[in-house]
Amino acid sequence: SWRRMCRPLRKPERPSADWLLRTFFACRAFPNETYCMKMFLTISLISSVLLSFSGFDFSDKATTDRWAVINDGVMGGRSESQVVHSDEALLFIGNLSLENNGGFASVRAPWGDYDLSAFEEVVVECSGFGGSFMCMLEKERRWYLPYYTASFSPNEELQRFVLPLKDFKENSMGRKNGKTLGDRGYSDIIRIGFIKNDKVEGPFELKLRSIRLR
(Lines give C-alpha, C1' and ligand atoms only; values in the text may rest on other atoms or scores of the structure.)
Protein backbone atom coordinates (compact mmCIF):
# COMPACT_ATOMS: atom_id res chain seq x y z
CA SER A 1 0.00 0.00 0.00
CA TRP A 2 0.96 3.66 -0.28
CA ARG A 3 1.38 3.95 3.51
CA ARG A 4 3.61 0.91 3.59
CA MET A 5 5.86 2.31 0.86
CA CYS A 6 6.08 5.66 2.63
CA ARG A 7 7.11 4.18 5.98
CA PRO A 8 10.88 4.45 5.29
CA LEU A 9 10.41 8.14 4.41
CA ARG A 10 9.52 9.11 7.95
CA LYS A 11 12.60 10.89 9.22
CA PRO A 12 13.97 9.52 12.51
CA GLU A 13 15.33 11.79 15.23
CA ARG A 14 18.90 10.95 14.19
CA PRO A 15 19.00 9.97 10.48
CA SER A 16 21.45 7.20 9.60
CA ALA A 17 23.03 5.93 6.41
CA ASP A 18 20.66 2.96 6.58
CA TRP A 19 17.66 5.29 6.71
CA LEU A 20 18.96 7.21 3.69
CA LEU A 21 19.31 4.02 1.65
CA ARG A 22 15.86 2.73 2.60
CA THR A 23 14.34 6.08 1.72
CA PHE A 24 16.08 6.11 -1.65
CA PHE A 25 14.78 2.65 -2.61
CA ALA A 26 11.31 3.50 -1.36
CA CYS A 27 11.37 6.58 -3.59
CA ARG A 28 12.12 4.40 -6.62
CA ALA A 29 8.84 2.53 -6.06
CA PHE A 30 6.83 5.60 -7.02
CA PRO A 31 5.96 6.06 -10.72
CA ASN A 32 6.01 9.85 -10.45
CA GLU A 33 9.49 10.83 -11.69
CA THR A 34 9.19 14.43 -10.50
CA TYR A 35 8.41 13.28 -6.98
CA CYS A 36 11.31 10.85 -7.07
CA MET A 37 13.71 13.52 -8.24
CA LYS A 38 12.65 15.86 -5.43
CA MET A 39 13.06 13.09 -2.89
CA PHE A 40 16.48 12.14 -4.27
CA LEU A 41 17.70 15.74 -4.09
CA THR A 42 16.39 16.04 -0.53
CA ILE A 43 18.15 12.84 0.48
CA SER A 44 21.37 14.01 -1.15
CA LEU A 45 21.21 17.27 0.81
CA ILE A 46 20.59 15.48 4.10
CA SER A 47 23.41 13.04 3.33
CA SER A 48 25.89 15.85 2.64
CA VAL A 49 25.04 17.43 6.00
CA LEU A 50 25.34 14.13 7.85
CA LEU A 51 28.68 13.25 6.29
CA SER A 52 30.31 16.70 6.42
CA PHE A 53 33.23 17.15 8.80
CA SER A 54 32.44 19.16 11.92
CA GLY A 55 35.10 18.08 14.41
CA PHE A 56 36.29 15.25 16.67
CA ASP A 57 34.66 13.78 19.77
CA PHE A 58 37.30 11.96 21.80
CA SER A 59 34.85 10.22 24.12
CA ASP A 60 34.99 7.50 21.46
CA LYS A 61 38.22 5.50 21.83
CA ALA A 62 38.14 4.60 18.13
CA THR A 63 38.61 8.31 17.31
CA THR A 64 41.65 8.62 19.57
CA ASP A 65 43.18 5.43 18.19
CA ARG A 66 43.39 6.98 14.72
CA TRP A 67 45.63 9.83 15.91
CA ALA A 68 49.42 9.43 16.00
CA VAL A 69 52.45 11.25 17.39
CA ILE A 70 55.27 12.81 15.38
CA ASN A 71 58.26 14.04 17.40
CA ASP A 72 61.57 15.74 16.69
CA GLY A 73 63.22 12.32 16.57
CA VAL A 74 62.60 12.44 12.82
CA MET A 75 65.30 15.16 12.80
CA GLY A 76 67.54 13.69 15.49
CA GLY A 77 65.89 15.33 18.52
CA ARG A 78 65.24 13.77 21.92
CA SER A 79 61.65 14.79 22.72
CA GLU A 80 59.23 11.99 23.59
CA SER A 81 55.45 11.73 23.55
CA GLN A 82 52.58 9.29 23.31
CA VAL A 83 48.84 9.38 22.77
CA VAL A 84 46.37 7.26 24.74
CA HIS A 85 42.64 7.21 25.41
CA SER A 86 41.86 8.04 29.04
CA ASP A 87 38.75 9.24 30.88
CA GLU A 88 36.82 9.71 27.60
CA ALA A 89 39.51 11.97 26.18
CA LEU A 90 42.60 11.96 23.98
CA LEU A 91 45.60 12.22 26.29
CA PHE A 92 48.77 13.61 24.66
CA ILE A 93 51.64 13.34 27.14
CA GLY A 94 55.39 13.55 26.90
CA ASN A 95 58.62 15.36 27.62
CA LEU A 96 59.97 18.20 25.50
CA SER A 97 63.75 18.30 25.04
CA LEU A 98 65.94 20.85 23.28
CA GLU A 99 68.86 18.46 23.07
CA ASN A 100 70.47 17.68 19.74
CA ASN A 101 68.68 20.58 18.01
CA GLY A 102 65.27 19.16 18.92
CA GLY A 103 62.30 20.94 20.41
CA PHE A 104 58.93 19.69 19.22
CA ALA A 105 56.38 16.98 19.87
CA SER A 106 53.04 16.66 18.10
CA VAL A 107 49.90 14.57 17.77
CA ARG A 108 47.98 14.51 14.50
CA ALA A 109 44.78 13.23 12.95
CA PRO A 110 44.81 10.94 9.90
CA TRP A 111 45.32 12.48 6.48
CA GLY A 112 41.99 13.39 4.93
CA ASP A 113 39.88 16.03 3.21
CA TYR A 114 38.82 18.52 5.86
CA ASP A 115 36.81 21.21 4.12
CA LEU A 116 36.47 23.99 6.71
CA SER A 117 35.05 26.59 4.33
CA ALA A 118 31.64 26.53 6.08
CA PHE A 119 33.17 27.46 9.44
CA GLU A 120 34.82 30.43 11.14
CA GLU A 121 36.24 29.03 14.37
CA VAL A 122 37.89 26.00 15.91
CA VAL A 123 36.71 25.33 19.47
CA VAL A 124 39.11 23.19 21.51
CA GLU A 125 37.80 21.71 24.78
CA CYS A 126 40.78 20.62 26.84
CA SER A 127 42.93 20.80 29.94
CA GLY A 128 46.67 20.47 30.35
CA PHE A 129 49.97 21.70 31.73
CA GLY A 130 53.57 22.27 30.71
CA GLY A 131 53.33 25.46 28.67
CA SER A 132 51.61 26.49 25.46
CA PHE A 133 50.41 24.33 22.57
CA MET A 134 49.38 25.13 19.02
CA CYS A 135 46.48 23.83 17.00
CA MET A 136 47.93 22.93 13.61
CA LEU A 137 46.28 22.84 10.16
CA GLU A 138 48.13 21.38 7.19
CA LYS A 139 47.49 21.84 3.48
CA GLU A 140 50.48 19.87 2.19
CA ARG A 141 52.02 16.47 2.93
CA ARG A 142 55.60 17.66 2.46
CA TRP A 143 57.00 18.77 5.83
CA TYR A 144 58.92 21.77 4.48
CA LEU A 145 55.85 23.47 2.98
CA PRO A 146 53.83 25.99 5.03
CA TYR A 147 51.32 24.99 7.70
CA TYR A 148 49.06 27.09 9.95
CA THR A 149 48.90 27.42 13.73
CA ALA A 150 47.03 29.13 16.57
CA SER A 151 48.46 29.10 20.09
CA PHE A 152 46.69 28.49 23.42
CA SER A 153 47.82 27.81 27.00
CA PRO A 154 45.67 25.38 28.98
CA ASN A 155 45.68 24.75 32.71
CA GLU A 156 44.50 21.74 34.67
CA GLU A 157 40.88 22.91 34.65
CA LEU A 158 38.68 21.99 31.69
CA GLN A 159 38.52 24.99 29.31
CA ARG A 160 37.27 25.93 25.86
CA PHE A 161 39.55 27.86 23.55
CA VAL A 162 37.96 29.60 20.56
CA LEU A 163 40.46 29.94 17.70
CA PRO A 164 39.32 32.01 14.67
CA LEU A 165 40.36 30.30 11.46
CA LYS A 166 41.28 33.58 9.78
CA ASP A 167 43.91 34.22 12.48
CA PHE A 168 45.83 30.94 12.10
CA LYS A 169 49.36 32.05 11.27
CA GLU A 170 51.34 30.62 8.37
CA ASN A 171 54.59 28.90 9.35
CA SER A 172 57.33 28.25 6.83
CA MET A 173 60.14 25.97 8.01
CA GLY A 174 59.02 26.56 11.60
CA ARG A 175 58.93 30.36 11.32
CA LYS A 176 55.93 32.66 11.00
CA ASN A 177 56.06 34.70 7.80
CA GLY A 178 53.31 37.25 8.46
CA LYS A 179 50.64 35.52 6.38
CA THR A 180 47.49 33.89 7.74
CA LEU A 181 45.04 31.14 6.82
CA GLY A 182 42.55 33.90 6.05
CA ASP A 183 44.76 34.82 3.10
CA ARG A 184 44.72 31.25 1.75
CA GLY A 185 41.22 29.81 2.31
CA TYR A 186 39.91 26.92 4.39
CA SER A 187 38.63 24.38 1.88
CA ASP A 188 41.75 22.28 1.34
CA ILE A 189 42.96 21.28 4.82
CA ILE A 190 44.31 17.72 4.75
CA ARG A 191 45.35 17.22 8.38
CA ILE A 192 44.62 18.64 11.82
CA GLY A 193 46.83 18.28 14.87
CA PHE A 194 48.50 19.82 17.91
CA ILE A 195 52.16 20.66 18.32
CA LYS A 196 54.25 21.71 21.30
CA ASN A 197 57.34 23.67 20.30
CA ASP A 198 57.40 26.55 22.79
CA LYS A 199 60.99 25.77 23.90
CA VAL A 200 59.78 24.98 27.46
CA GLU A 201 61.67 21.83 28.38
CA GLY A 202 60.12 19.21 30.63
CA PRO A 203 56.96 17.13 31.01
CA PHE A 204 53.68 18.21 29.45
CA GLU A 205 50.13 17.02 29.08
CA LEU A 206 47.24 17.97 26.80
CA LYS A 207 43.91 16.29 27.51
CA LEU A 208 41.52 16.82 24.60
CA ARG A 209 37.80 16.30 25.10
CA SER A 210 36.67 17.54 21.70
CA ILE A 211 37.44 19.73 18.71
CA ARG A 212 34.43 21.53 17.20
CA LEU A 213 34.04 23.66 14.09
CA ARG A 214 31.48 26.41 14.09
# chains A, B, ... in the order shown; residues from 1 in each chain; ligands from 1
$ select_by_dssp --residues "range 55-153 of chain A" --states "strand (DSSP E)" --output "ChimeraX atom specification"
/A:55-57,68-71,80-86,89-96,105-108,121-129,133-138,147-152
$ residues_around --residues "Gly73 in chain A" --least-positions-apart "5" --cutoff "8 Å" --atoms "only C-alpha atoms" --output "number ranges by chain"
A: 78-79, 102
$ write_last_selection --atoms "N, CA, C and O atoms" --output "PDB file, in the first residue's frame"
ATOM      1  N   ARG A  78      65.410  14.702  20.803  1.00  0.00           N
ATOM      2  CA  ARG A  78      65.242  13.766  21.921  1.00  0.00           C
ATOM      3  C   ARG A  78      63.881  13.888  22.611  1.00  0.00           C
ATOM      4  O   ARG A  78      63.671  13.249  23.652  1.00  0.00           O
ATOM      5  N   SER A  79      62.977  14.662  22.094  1.00  0.00           N
ATOM      6  CA  SER A  79      61.650  14.785  22.718  1.00  0.00           C
ATOM      7  C   SER A  79      60.887  13.472  22.592  1.00  0.00           C
ATOM      8  O   SER A  79      61.065  12.728  21.629  1.00  0.00           O
ATOM      9  N   GLY A 102      66.686  19.534  18.936  1.00  0.00           N
ATOM     10  CA  GLY A 102      65.270  19.161  18.924  1.00  0.00           C
ATOM     11  C   GLY A 102      64.404  20.283  19.471  1.00  0.00           C
ATOM     12  O   GLY A 102      64.822  21.428  19.572  1.00  0.00           O
TER      13      GLY A 102
END
$ residues_around --residues "Glu157 in chain A" --least-positions-apart "2" --cutoff "10 Å" --atoms "only C-alpha atoms" --output "MDAnalysis selection string"
chainID A and resid 126:129 154:155 159:160
$ closest_atom_pairs --of "range 51-78 of chain A" --to "range 195-204 of chain A" --cutoff "12 Å" --atoms "only C-alpha atoms" --output "Markdown table"
| residue | atom | partner | partner_atom | distance |
| --- | --- | --- | --- | --- |
| A:Ala68 | CA | A:Ile195 | CA | 11.8 |
| A:Val69 | CA | A:Ile195 | CA | 9.5 |
| A:Ile70 | CA | A:Ile195 | CA | 8.9 |
| A:Asn71 | CA | A:Ile195 | CA | 9.0 |
| A:Asp72 | CA | A:Asn197 | CA | 9.7 |
| A:Arg78 | CA | A:Glu201 | CA | 10.9 |
$ closest_residue --among "A:Gln82, A:Arg212, A:Glu156, A:Thr64" --to "Leu96 in chain A" --atoms "only C-alpha atoms"
A:Gln82
$ closest_residue --among "A:Asp87, A:Glu138, A:Asp60, A:Asp188" --to "Ser172 in chain A" --atoms "only C-alpha atoms"
A:Glu138
$ atom_distance --atom1 "CA of Leu90 in chain A" --atom2 "CA of Arg184 in chain A"
29.5 Å
$ atom_distance --atom1 "CA of Arg141 in chain A" --atom2 "CA of Thr180 in chain A"
18.6 Å
$ closest_residue --among "A:Val122, A:Leu206, A:Val74, A:Val107" --to "Ile93 in chain A" --atoms "only C-alpha atoms"
A:Leu206
$ residues_around --residues "range 55-57 of chain A" --least-positions-apart "3" --cutoff "6 Å" --atoms "only C-alpha atoms" --output "VMD selection string"
chain A and resid 210 to 213
$ write_last_selection --atoms "all heavy atoms" --output "PDB file, in the first residue's frame"
ATOM      1  N   SER A 210      37.286  17.432  23.032  1.00  0.00           N
ATOM      2  CA  SER A 210      36.673  17.543  21.704  1.00  0.00           C
ATOM      3  C   SER A 210      37.288  18.691  20.929  1.00  0.00           C
ATOM      4  O   SER A 210      37.913  19.593  21.497  1.00  0.00           O
ATOM      5  CB  SER A 210      35.151  17.764  21.824  1.00  0.00           C
ATOM      6  OG  SER A 210      34.878  19.021  22.420  1.00  0.00           O
ATOM      7  N   ILE A 211      37.097  18.636  19.612  1.00  0.00           N
ATOM      8  CA  ILE A 211      37.436  19.734  18.711  1.00  0.00           C
ATOM      9  C   ILE A 211      36.188  19.976  17.882  1.00  0.00           C
ATOM     10  O   ILE A 211      35.687  19.052  17.210  1.00  0.00           O
ATOM     11  CB  ILE A 211      38.604  19.371  17.778  1.00  0.00           C
ATOM     12  CG1 ILE A 211      39.837  18.929  18.579  1.00  0.00           C
ATOM     13  CG2 ILE A 211      38.964  20.553  16.875  1.00  0.00           C
ATOM     14  CD1 ILE A 211      40.887  18.270  17.727  1.00  0.00           C
ATOM     15  N   ARG A 212      35.658  21.192  17.924  1.00  0.00           N
ATOM     16  CA  ARG A 212      34.431  21.527  17.195  1.00  0.00           C
ATOM     17  C   ARG A 212      34.692  22.650  16.208  1.00  0.00           C
ATOM     18  O   ARG A 212      35.480  23.556  16.472  1.00  0.00           O
ATOM     19  CB  ARG A 212      33.313  21.950  18.152  1.00  0.00           C
ATOM     20  CG  ARG A 212      32.964  20.931  19.218  1.00  0.00           C
ATOM     21  CD  ARG A 212      32.339  19.689  18.611  1.00  0.00           C
ATOM     22  NE  ARG A 212      31.919  18.755  19.617  1.00  0.00           N
ATOM     23  CZ  ARG A 212      31.612  17.480  19.373  1.00  0.00           C
ATOM     24  NH1 ARG A 212      31.694  17.014  18.139  1.00  0.00           N
ATOM     25  NH2 ARG A 212      31.232  16.670  20.342  1.00  0.00           N
ATOM     26  N   LEU A 213      34.028  22.575  15.074  1.00  0.00           N
ATOM     27  CA  LEU A 213      34.044  23.660  14.092  1.00  0.00           C
ATOM     28  C   LEU A 213      32.716  24.372  14.127  1.00  0.00           C
ATOM     29  O   LEU A 213      31.662  23.736  14.191  1.00  0.00           O
ATOM     30  CB  LEU A 213      34.306  23.117  12.692  1.00  0.00           C
ATOM     31  CG  LEU A 213      35.744  22.741  12.287  1.00  0.00           C
ATOM     32  CD1 LEU A 213      36.659  23.944  12.353  1.00  0.00           C
ATOM     33  CD2 LEU A 213      36.283  21.586  13.086  1.00  0.00           C
TER      34      LEU A 213
END
